[in-house]
file target-v4.pdb (PDB, N, CA and C atoms and all ligand atoms)
MODEL        1
ATOM      1  N   MET A  21     115.365  82.909 119.021  1.00  0.00           N
ATOM      2  CA  MET A  21     114.930  84.156 118.397  1.00  0.00           C
ATOM      3  C   MET A  21     113.772  84.758 119.187  1.00  0.00           C
ATOM      4  N   HIS A  22     113.871  86.062 119.416  1.00  0.00           N
ATOM      5  CA  HIS A  22     112.796  86.742 120.135  1.00  0.00           C
ATOM      6  C   HIS A  22     111.645  87.078 119.184  1.00  0.00           C
ATOM      7  N   ILE A  23     110.432  86.728 119.609  1.00  0.00           N
ATOM      8  CA  ILE A  23     109.268  87.040 118.770  1.00  0.00           C
ATOM      9  C   ILE A  23     108.445  88.120 119.456  1.00  0.00           C
ATOM     10  N   ASP A  24     108.263  89.228 118.784  1.00  0.00           N
ATOM     11  CA  ASP A  24     107.480  90.334 119.352  1.00  0.00           C
ATOM     12  C   ASP A  24     106.016  89.953 119.464  1.00  0.00           C
ATOM     13  N   THR A  25     105.344  90.559 120.440  1.00  0.00           N
ATOM     14  CA  THR A  25     103.901  90.356 120.510  1.00  0.00           C
ATOM     15  C   THR A  25     103.258  91.048 119.316  1.00  0.00           C
ATOM     16  N   ILE A  26     102.116  90.573 118.946  1.00  0.00           N
ATOM     17  CA  ILE A  26     101.465  91.115 117.753  1.00  0.00           C
ATOM     18  C   ILE A  26     101.057  92.574 117.961  1.00  0.00           C
ATOM     19  N   THR A  27     100.596  92.889 119.178  1.00  0.00           N
ATOM     20  CA  THR A  27     100.154  94.256 119.431  1.00  0.00           C
ATOM     21  C   THR A  27     101.307  95.075 119.991  1.00  0.00           C
ATOM     22  N   SER A  28     101.825  95.982 119.202  1.00  0.00           N
ATOM     23  CA  SER A  28     102.868  96.863 119.709  1.00  0.00           C
ATOM     24  C   SER A  28     102.203  97.967 120.518  1.00  0.00           C
ATOM     25  N   PRO A  29     102.922  98.531 121.508  1.00  0.00           N
ATOM     26  CA  PRO A  29     102.320  99.598 122.328  1.00  0.00           C
ATOM     27  C   PRO A  29     101.812 100.744 121.476  1.00  0.00           C
ATOM     28  N   GLU A  30     102.521 101.000 120.405  1.00  0.00           N
ATOM     29  CA  GLU A  30     102.142 102.095 119.512  1.00  0.00           C
ATOM     30  C   GLU A  30     100.734 101.916 118.933  1.00  0.00           C
ATOM     31  N   LEU A  31     100.316 100.668 118.816  1.00  0.00           N
ATOM     32  CA  LEU A  31      99.013 100.407 118.195  1.00  0.00           C
ATOM     33  C   LEU A  31      97.946  99.977 119.205  1.00  0.00           C
ATOM     34  N   GLU A  32      98.243 100.135 120.485  1.00  0.00           N
ATOM     35  CA  GLU A  32      97.283  99.699 121.497  1.00  0.00           C
ATOM     36  C   GLU A  32      95.935 100.397 121.393  1.00  0.00           C
ATOM     37  N   TRP A  33      95.973 101.664 120.972  1.00  0.00           N
ATOM     38  CA  TRP A  33      94.725 102.411 120.859  1.00  0.00           C
ATOM     39  C   TRP A  33      93.745 101.724 119.903  1.00  0.00           C
ATOM     40  N   GLN A  34      94.264 100.926 119.003  1.00  0.00           N
ATOM     41  CA  GLN A  34      93.382 100.287 118.017  1.00  0.00           C
ATOM     42  C   GLN A  34      92.462  99.235 118.642  1.00  0.00           C
ATOM     43  N   GLN A  35      92.770  98.844 119.875  1.00  0.00           N
ATOM     44  CA  GLN A  35      91.897  97.856 120.520  1.00  0.00           C
ATOM     45  C   GLN A  35      90.482  98.386 120.718  1.00  0.00           C
ATOM     46  N   GLU A  36      90.343  99.703 120.760  1.00  0.00           N
ATOM     47  CA  GLU A  36      89.009 100.281 120.922  1.00  0.00           C
ATOM     48  C   GLU A  36      88.392 100.685 119.586  1.00  0.00           C
ATOM     49  N   ALA A  37      89.040 100.332 118.518  1.00  0.00           N
ATOM     50  CA  ALA A  37      88.574 100.757 117.205  1.00  0.00           C
ATOM     51  C   ALA A  37      87.207 100.149 116.873  1.00  0.00           C
ATOM     52  N   LEU A  38      86.276 101.014 116.539  1.00  0.00           N
ATOM     53  CA  LEU A  38      84.945 100.501 116.139  1.00  0.00           C
ATOM     54  C   LEU A  38      85.037  99.713 114.847  1.00  0.00           C
ATOM     55  N   CYS A  39      85.926 100.116 113.955  1.00  0.00           N
ATOM     56  CA  CYS A  39      86.017  99.421 112.672  1.00  0.00           C
ATOM     57  C   CYS A  39      86.517  97.991 112.841  1.00  0.00           C
ATOM     58  N   ALA A  40      87.180  97.704 113.955  1.00  0.00           N
ATOM     59  CA  ALA A  40      87.623  96.328 114.200  1.00  0.00           C
ATOM     60  C   ALA A  40      86.418  95.420 114.411  1.00  0.00           C
ATOM     61  N   GLN A  41      85.309  96.011 114.839  1.00  0.00           N
ATOM     62  CA  GLN A  41      84.101  95.211 115.067  1.00  0.00           C
ATOM     63  C   GLN A  41      83.228  95.110 113.818  1.00  0.00           C
ATOM     64  N   THR A  42      83.367  96.081 112.940  1.00  0.00           N
ATOM     65  CA  THR A  42      82.483  96.101 111.775  1.00  0.00           C
ATOM     66  C   THR A  42      83.124  95.459 110.545  1.00  0.00           C
ATOM     67  N   GLY A  43      84.437  95.281 110.567  1.00  0.00           N
ATOM     68  CA  GLY A  43      85.119  94.751 109.394  1.00  0.00           C
ATOM     69  C   GLY A  43      85.696  95.885 108.566  1.00  0.00           C
ATOM     70  N   ALA A  44      86.738  95.565 107.821  1.00  0.00           N
ATOM     71  CA  ALA A  44      87.502  96.599 107.122  1.00  0.00           C
ATOM     72  C   ALA A  44      86.889  97.035 105.797  1.00  0.00           C
ATOM     73  N   ASP A  45      85.917  96.291 105.306  1.00  0.00           N
ATOM     74  CA  ASP A  45      85.412  96.567 103.959  1.00  0.00           C
ATOM     75  C   ASP A  45      84.935  98.003 103.767  1.00  0.00           C
ATOM     76  N   PHE A  46      84.206  98.522 104.743  1.00  0.00           N
ATOM     77  CA  PHE A  46      83.689  99.890 104.635  1.00  0.00           C
ATOM     78  C   PHE A  46      84.831 100.902 104.514  1.00  0.00           C
ATOM     79  N   PHE A  47      85.956 100.571 105.158  1.00  0.00           N
ATOM     80  CA  PHE A  47      87.013 101.558 105.333  1.00  0.00           C
ATOM     81  C   PHE A  47      88.005 101.592 104.184  1.00  0.00           C
ATOM     82  N   PHE A  48      87.953 100.556 103.377  1.00  0.00           N
ATOM     83  CA  PHE A  48      88.815 100.524 102.196  1.00  0.00           C
ATOM     84  C   PHE A  48      87.952 100.210 100.980  1.00  0.00           C
ATOM     85  N   PRO A  49      87.052 101.159 100.647  1.00  0.00           N
ATOM     86  CA  PRO A  49      86.124 100.905  99.538  1.00  0.00           C
ATOM     87  C   PRO A  49      86.835 100.957  98.188  1.00  0.00           C
ATOM     88  N   GLU A  50      86.212 100.368  97.221  1.00  0.00           N
ATOM     89  CA  GLU A  50      86.722 100.437  95.859  1.00  0.00           C
ATOM     90  C   GLU A  50      86.766 101.901  95.443  1.00  0.00           C
ATOM     91  N   PRO A  51      87.708 102.262  94.544  1.00  0.00           N
ATOM     92  CA  PRO A  51      87.770 103.656  94.090  1.00  0.00           C
ATOM     93  C   PRO A  51      86.424 104.124  93.554  1.00  0.00           C
ATOM     94  N   GLY A  52      86.019 105.288  93.991  1.00  0.00           N
ATOM     95  CA  GLY A  52      84.770 105.871  93.506  1.00  0.00           C
ATOM     96  C   GLY A  52      83.541 105.453  94.282  1.00  0.00           C
ATOM     97  N   SER A  53      83.639 104.460  95.167  1.00  0.00           N
ATOM     98  CA  SER A  53      82.443 104.074  95.914  1.00  0.00           C
ATOM     99  C   SER A  53      82.338 104.886  97.206  1.00  0.00           C
ATOM    100  N   SER A  54      81.185 104.783  97.842  1.00  0.00           N
ATOM    101  CA  SER A  54      80.856 105.687  98.947  1.00  0.00           C
ATOM    102  C   SER A  54      81.647 105.380 100.217  1.00  0.00           C
ATOM    103  N   VAL A  55      82.034 106.443 100.893  1.00  0.00           N
ATOM    104  CA  VAL A  55      82.704 106.285 102.192  1.00  0.00           C
ATOM    105  C   VAL A  55      81.771 106.756 103.315  1.00  0.00           C
ATOM    106  N   ARG A  56      80.516 106.961 102.969  1.00  0.00           N
ATOM    107  CA  ARG A  56      79.570 107.519 103.939  1.00  0.00           C
ATOM    108  C   ARG A  56      79.398 106.637 105.182  1.00  0.00           C
ATOM    109  N   GLU A  57      79.282 105.338 104.951  1.00  0.00           N
ATOM    110  CA  GLU A  57      79.064 104.432 106.079  1.00  0.00           C
ATOM    111  C   GLU A  57      80.300 104.384 106.986  1.00  0.00           C
ATOM    112  N   ALA A  58      81.482 104.379 106.382  1.00  0.00           N
ATOM    113  CA  ALA A  58      82.718 104.394 107.178  1.00  0.00           C
ATOM    114  C   ALA A  58      82.771 105.656 108.020  1.00  0.00           C
ATOM    115  N   LYS A  59      82.438 106.774 107.430  1.00  0.00           N
ATOM    116  CA  LYS A  59      82.488 108.046 108.168  1.00  0.00           C
ATOM    117  C   LYS A  59      81.473 108.060 109.301  1.00  0.00           C
ATOM    118  N   ARG A  60      80.332 107.443 109.073  1.00  0.00           N
ATOM    119  CA  ARG A  60      79.304 107.390 110.114  1.00  0.00           C
ATOM    120  C   ARG A  60      79.840 106.594 111.319  1.00  0.00           C
ATOM    121  N   ILE A  61      80.500 105.495 111.043  1.00  0.00           N
ATOM    122  CA  ILE A  61      81.056 104.676 112.127  1.00  0.00           C
ATOM    123  C   ILE A  61      82.187 105.434 112.835  1.00  0.00           C
ATOM    124  N   CYS A  62      83.048 106.074 112.068  1.00  0.00           N
ATOM    125  CA  CYS A  62      84.124 106.870 112.681  1.00  0.00           C
ATOM    126  C   CYS A  62      83.546 107.941 113.604  1.00  0.00           C
ATOM    127  N   GLY A  63      82.405 108.488 113.220  1.00  0.00           N
ATOM    128  CA  GLY A  63      81.776 109.534 114.020  1.00  0.00           C
ATOM    129  C   GLY A  63      81.375 109.047 115.407  1.00  0.00           C
ATOM    130  N   MET A  64      81.219 107.753 115.580  1.00  0.00           N
ATOM    131  CA  MET A  64      80.833 107.187 116.879  1.00  0.00           C
ATOM    132  C   MET A  64      82.033 106.553 117.591  1.00  0.00           C
ATOM    133  N   CYS A  65      83.190 106.596 116.975  1.00  0.00           N
ATOM    134  CA  CYS A  65      84.355 105.868 117.499  1.00  0.00           C
ATOM    135  C   CYS A  65      85.060 106.667 118.604  1.00  0.00           C
ATOM    136  N   PRO A  66      85.364 106.020 119.728  1.00  0.00           N
ATOM    137  CA  PRO A  66      85.977 106.740 120.849  1.00  0.00           C
ATOM    138  C   PRO A  66      87.431 107.152 120.600  1.00  0.00           C
ATOM    139  N   ILE A  67      88.064 106.582 119.590  1.00  0.00           N
ATOM    140  CA  ILE A  67      89.481 106.894 119.384  1.00  0.00           C
ATOM    141  C   ILE A  67      89.709 107.603 118.055  1.00  0.00           C
ATOM    142  N   ARG A  68      88.708 108.295 117.620  1.00  0.00           N
ATOM    143  CA  ARG A  68      88.798 108.936 116.313  1.00  0.00           C
ATOM    144  C   ARG A  68      90.020 109.862 116.186  1.00  0.00           C
ATOM    145  N   ALA A  69      90.248 110.681 117.197  1.00  0.00           N
ATOM    146  CA  ALA A  69      91.364 111.640 117.129  1.00  0.00           C
ATOM    147  C   ALA A  69      92.704 110.912 117.039  1.00  0.00           C
ATOM    148  N   ALA A  70      92.870 109.861 117.855  1.00  0.00           N
ATOM    149  CA  ALA A  70      94.131 109.104 117.827  1.00  0.00           C
ATOM    150  C   ALA A  70      94.311 108.439 116.472  1.00  0.00           C
ATOM    151  N   CYS A  71      93.241 107.965 115.919  1.00  0.00           N
ATOM    152  CA  CYS A  71      93.272 107.291 114.625  1.00  0.00           C
ATOM    153  C   CYS A  71      93.700 108.255 113.520  1.00  0.00           C
ATOM    154  N   LEU A  72      93.117 109.434 113.524  1.00  0.00           N
ATOM    155  CA  LEU A  72      93.459 110.420 112.500  1.00  0.00           C
ATOM    156  C   LEU A  72      94.915 110.858 112.648  1.00  0.00           C
ATOM    157  N   THR A  73      95.346 111.070 113.877  1.00  0.00           N
ATOM    158  CA  THR A  73      96.736 111.466 114.125  1.00  0.00           C
ATOM    159  C   THR A  73      97.689 110.392 113.622  1.00  0.00           C
ATOM    160  N   TYR A  74      97.351 109.140 113.904  1.00  0.00           N
ATOM    161  CA  TYR A  74      98.197 108.030 113.449  1.00  0.00           C
ATOM    162  C   TYR A  74      98.290 108.026 111.919  1.00  0.00           C
ATOM    163  N   ALA A  75      97.154 108.182 111.268  1.00  0.00           N
ATOM    164  CA  ALA A  75      97.127 108.144 109.806  1.00  0.00           C
ATOM    165  C   ALA A  75      97.959 109.277 109.212  1.00  0.00           C
ATOM    166  N   LEU A  76      97.862 110.460 109.811  1.00  0.00           N
ATOM    167  CA  LEU A  76      98.619 111.599 109.298  1.00  0.00           C
ATOM    168  C   LEU A  76     100.117 111.412 109.568  1.00  0.00           C
ATOM    169  N   ASP A  77     100.436 110.953 110.775  1.00  0.00           N
ATOM    170  CA  ASP A  77     101.853 110.755 111.135  1.00  0.00           C
ATOM    171  C   ASP A  77     102.506 109.682 110.274  1.00  0.00           C
ATOM    172  N   ASN A  78     101.732 108.683 109.892  1.00  0.00           N
ATOM    173  CA  ASN A  78     102.292 107.557 109.151  1.00  0.00           C
ATOM    174  C   ASN A  78     102.006 107.618 107.664  1.00  0.00           C
ATOM    175  N   ASP A  79     101.450 108.751 107.258  1.00  0.00           N
ATOM    176  CA  ASP A  79     101.200 108.977 105.843  1.00  0.00           C
ATOM    177  C   ASP A  79     100.395 107.831 105.211  1.00  0.00           C
ATOM    178  N   GLU A  80      99.334 107.436 105.923  1.00  0.00           N
ATOM    179  CA  GLU A  80      98.459 106.378 105.386  1.00  0.00           C
ATOM    180  C   GLU A  80      97.713 106.927 104.170  1.00  0.00           C
ATOM    181  N   ARG A  81      97.886 106.295 103.044  1.00  0.00           N
ATOM    182  CA  ARG A  81      97.332 106.833 101.791  1.00  0.00           C
ATOM    183  C   ARG A  81      95.952 106.277 101.449  1.00  0.00           C
ATOM    184  N   PHE A  82      95.645 105.088 101.955  1.00  0.00           N
ATOM    185  CA  PHE A  82      94.425 104.436 101.483  1.00  0.00           C
ATOM    186  C   PHE A  82      93.380 104.284 102.569  1.00  0.00           C
ATOM    187  N   GLY A  83      92.131 104.430 102.187  1.00  0.00           N
ATOM    188  CA  GLY A  83      91.027 104.153 103.098  1.00  0.00           C
ATOM    189  C   GLY A  83      90.640 105.332 103.971  1.00  0.00           C
ATOM    190  N   VAL A  84      89.584 105.111 104.753  1.00  0.00           N
ATOM    191  CA  VAL A  84      89.085 106.123 105.681  1.00  0.00           C
ATOM    192  C   VAL A  84      89.767 105.905 107.030  1.00  0.00           C
ATOM    193  N   TRP A  85      90.334 106.954 107.575  1.00  0.00           N
ATOM    194  CA  TRP A  85      90.978 106.920 108.904  1.00  0.00           C
ATOM    195  C   TRP A  85      90.479 108.123 109.678  1.00  0.00           C
ATOM    196  N   GLY A  86      90.036 107.900 110.907  1.00  0.00           N
ATOM    197  CA  GLY A  86      89.614 109.018 111.750  1.00  0.00           C
ATOM    198  C   GLY A  86      88.508 109.857 111.138  1.00  0.00           C
ATOM    199  N   GLY A  87      87.700 109.243 110.318  1.00  0.00           N
ATOM    200  CA  GLY A  87      86.563 109.945 109.721  1.00  0.00           C
ATOM    201  C   GLY A  87      86.893 110.733 108.466  1.00  0.00           C
ATOM    202  N   LEU A  88      88.121 110.685 108.022  1.00  0.00           N
ATOM    203  CA  LEU A  88      88.484 111.423 106.811  1.00  0.00           C
ATOM    204  C   LEU A  88      88.902 110.475 105.697  1.00  0.00           C
ATOM    205  N   SER A  89      88.477 110.817 104.498  1.00  0.00           N
ATOM    206  CA  SER A  89      88.846 110.029 103.324  1.00  0.00           C
ATOM    207  C   SER A  89      90.281 110.369 102.907  1.00  0.00           C
ATOM    208  N   GLU A  90      90.790 109.624 101.948  1.00  0.00           N
ATOM    209  CA  GLU A  90      92.137 109.889 101.434  1.00  0.00           C
ATOM    210  C   GLU A  90      92.272 111.337 100.966  1.00  0.00           C
ATOM    211  N   LYS A  91      91.278 111.781 100.200  1.00  0.00           N
ATOM    212  CA  LYS A  91      91.323 113.141  99.653  1.00  0.00           C
ATOM    213  C   LYS A  91      91.289 114.179 100.760  1.00  0.00           C
ATOM    214  N   GLU A  92      90.451 113.932 101.752  1.00  0.00           N
ATOM    215  CA  GLU A  92      90.337 114.901 102.850  1.00  0.00           C
ATOM    216  C   GLU A  92      91.620 114.983 103.670  1.00  0.00           C
ATOM    217  N   ARG A  93      92.285 113.841 103.862  1.00  0.00           N
ATOM    218  CA  ARG A  93      93.554 113.873 104.612  1.00  0.00           C
ATOM    219  C   ARG A  93      94.630 114.600 103.818  1.00  0.00           C
ATOM    220  N   LEU A  94      94.603 114.380 102.518  1.00  0.00           N
ATOM    221  CA  LEU A  94      95.567 115.064 101.645  1.00  0.00           C
ATOM    222  C   LEU A  94      95.368 116.572 101.743  1.00  0.00           C
ATOM    223  N   GLU A  95      94.112 116.983 101.694  1.00  0.00           N
ATOM    224  CA  GLU A  95      93.772 118.408 101.779  1.00  0.00           C
ATOM    225  C   GLU A  95      94.190 118.974 103.142  1.00  0.00           C
ATOM    226  N   LEU A  96      93.953 118.224 104.197  1.00  0.00           N
ATOM    227  CA  LEU A  96      94.322 118.656 105.552  1.00  0.00           C
ATOM    228  C   LEU A  96      95.837 118.859 105.641  1.00  0.00           C
ATOM    229  N   ARG A  97      96.577 117.926 105.063  1.00  0.00           N
ATOM    230  CA  ARG A  97      98.035 118.045 105.065  1.00  0.00           C
ATOM    231  C   ARG A  97      98.478 119.280 104.293  1.00  0.00           C
ATOM    232  N   ARG A  98      97.789 119.512 103.184  1.00  0.00           N
ATOM    233  CA  ARG A  98      98.158 120.633 102.309  1.00  0.00           C
ATOM    234  C   ARG A  98      97.959 121.964 103.034  1.00  0.00           C
ATOM    235  N   VAL A  99      96.799 122.128 103.686  1.00  0.00           N
ATOM    236  CA  VAL A  99      96.496 123.422 104.329  1.00  0.00           C
ATOM    237  C   VAL A  99      97.252 123.601 105.644  1.00  0.00           C
ATOM    238  N   SER A 100      97.732 122.500 106.241  1.00  0.00           N
ATOM    239  CA  SER A 100      98.407 122.655 107.537  1.00  0.00           C
ATOM    240  C   SER A 100      99.920 122.773 107.393  1.00  0.00           C
ATOM    241  N   ARG A 101     100.384 122.837 106.168  1.00  0.00           N
ATOM    242  CA  ARG A 101     101.831 123.012 105.952  1.00  0.00           C
ATOM    243  C   ARG A 101     102.265 124.423 106.269  1.00  0.00           C
TER     244      ARG A 101
HETATM  245  S1  LIG A 201      88.064 106.475 113.718  1.00  0.00           S
HETATM  246 FE1  LIG A 201      87.159 105.161 112.151  1.00  0.00          FE
HETATM  247  S2  LIG A 201      88.881 104.217 111.082  1.00  0.00           S
HETATM  248 FE2  LIG A 201      89.642 105.054 113.008  1.00  0.00          FE
HETATM  249  S3  LIG A 201      89.573 103.388 114.477  1.00  0.00           S
HETATM  250 FE3  LIG A 201      87.651 104.494 114.657  1.00  0.00          FE
HETATM  251  S4  LIG A 201      86.213 103.499 113.297  1.00  0.00           S
HETATM  252 FE4  LIG A 201      88.268 102.819 112.729  1.00  0.00          FE
ENDMDL
END

call {"tool": "encode", "arguments": {"input": "target-v4.pdb", "output": "structure tokens", "more": "lines below"}}
Ligand code: SF4
result
Amino acid sequence: MHIDTITSPELEWQQEALCAQTGADFFFPEPGSSVREAKRICGMCPIRAACLTYALDNDERFGVWGGLSEKERLELRRVSR
């Protein structure tokens, strides 16, 4: 049986993800808690644009991606239709 490598080419950009160094907790906060720290880290991340594009293309519903919260991504999708 062929076993794929864990990192698919599609996700290679994630190797530069700042959140990979800080841990996922900030990025998937409990409902109603602050996403400010996650957004601050995204603001310094070199792959922010790729991350946001990935989240929008894959309809990621939870957590902060590319500096935008779930609500903000929903709003972005709504206005860009
Ligand atoms: S933009 Fe934010 S969520 Fe996306 S990879 Fe960078 S730090 Fe992680």

call {"tool": "atom_distance", "arguments": {"input": "target-v4.pdb", "atom1": "CA of Ile61 in chain A", "atom2": "CA of Lys91 in chain A"}}
result
18.2 Å

call {"tool": "select_by_dssp", "arguments": {"input": "target-v4.pdb", "residues": "range 30-101 of chain A", "states": "helix (DSSP H, G or I)", "output": "ChimeraX atom specification"}}
result
/A:30-36,39-42,45-47,56-63,68-77,90-99

call {"tool": "closest_residue", "arguments": {"input": "target-v4.pdb", "among": "A:Leu96, A:Ala44, A:Cys62, A:Gly52", "to": "ligand LIG 201 (chain A)", "atoms": "all atoms listed in the file"}}
result
A:Cys62

call {"tool": "closest_atom_pairs", "arguments": {"input": "target-v4.pdb", "of": "chain A", "to": "ligand LIG 201 (chain A)", "cutoff": "5 Å", "atoms": "all atoms listed in the file", "output": "CSV"}}
result
residue,atom,partner,partner_atom,distance
A:Ala37,CA,A:LIG201,S3,3.9
A:Leu38,N,A:LIG201,S4,4.1
A:Cys39,N,A:LIG201,S4,3.5
A:Ile61,C,A:LIG201,S4,4.5
A:Cys62,CA,A:LIG201,FE1,3.5
A:Cys65,CA,A:LIG201,FE3,4.6
A:Ile67,C,A:LIG201,S1,4.8
A:Arg68,CA,A:LIG201,S1,3.7
A:Cys71,CA,A:LIG201,FE2,4.6
A:Val84,C,A:LIG201,S2,4.5
A:Trp85,CA,A:LIG201,S2,4.1
A:Gly86,N,A:LIG201,FE2,3.6
A:Gly87,N,A:LIG201,S1,4.4

call {"tool": "atom_distance", "arguments": {"input": "target-v4.pdb", "atom1": "CA of Arg93 in chain A", "atom2": "CA of Glu80 in chain A"}}
result
9.0 Å

call {"tool": "atom_distance", "arguments": {"input": "target-v4.pdb", "atom1": "atom N of Gly83 in chain A", "atom2": "CA of Arg98 in chain A"}}
result
17.3 Å

call {"tool": "resolve_selection", "arguments": {"input": "target-v4.pdb", "expression": "the PyMOL selection byres (((chain A and resi 46) around 6.5) and not hetatm)", "output": "MDAnalysis selection string"}}
result
chainID A and resid 43:45 47:49 55 57:58 84

call {"tool": "axis_aligned_box", "arguments": {"input": "target-v4.pdb", "around": "range 41-59 of chain A", "padding_each_side": "5 Å", "output": "AutoDock Vina command-line options"}}
result
--center_x 83.9 --center_y 101.4 --center_z 104.3 --size_x 19.8 --size_y 23.3 --size_z 31.6

call {"tool": "closest_residue", "arguments": {"input": "target-v4.pdb", "among": "A:Gly63, A:Arg97, A:Glu36, A:Thr42", "to": "Leu76 in chain A", "atoms": "all atoms listed in the file"}}
result
A:Arg97
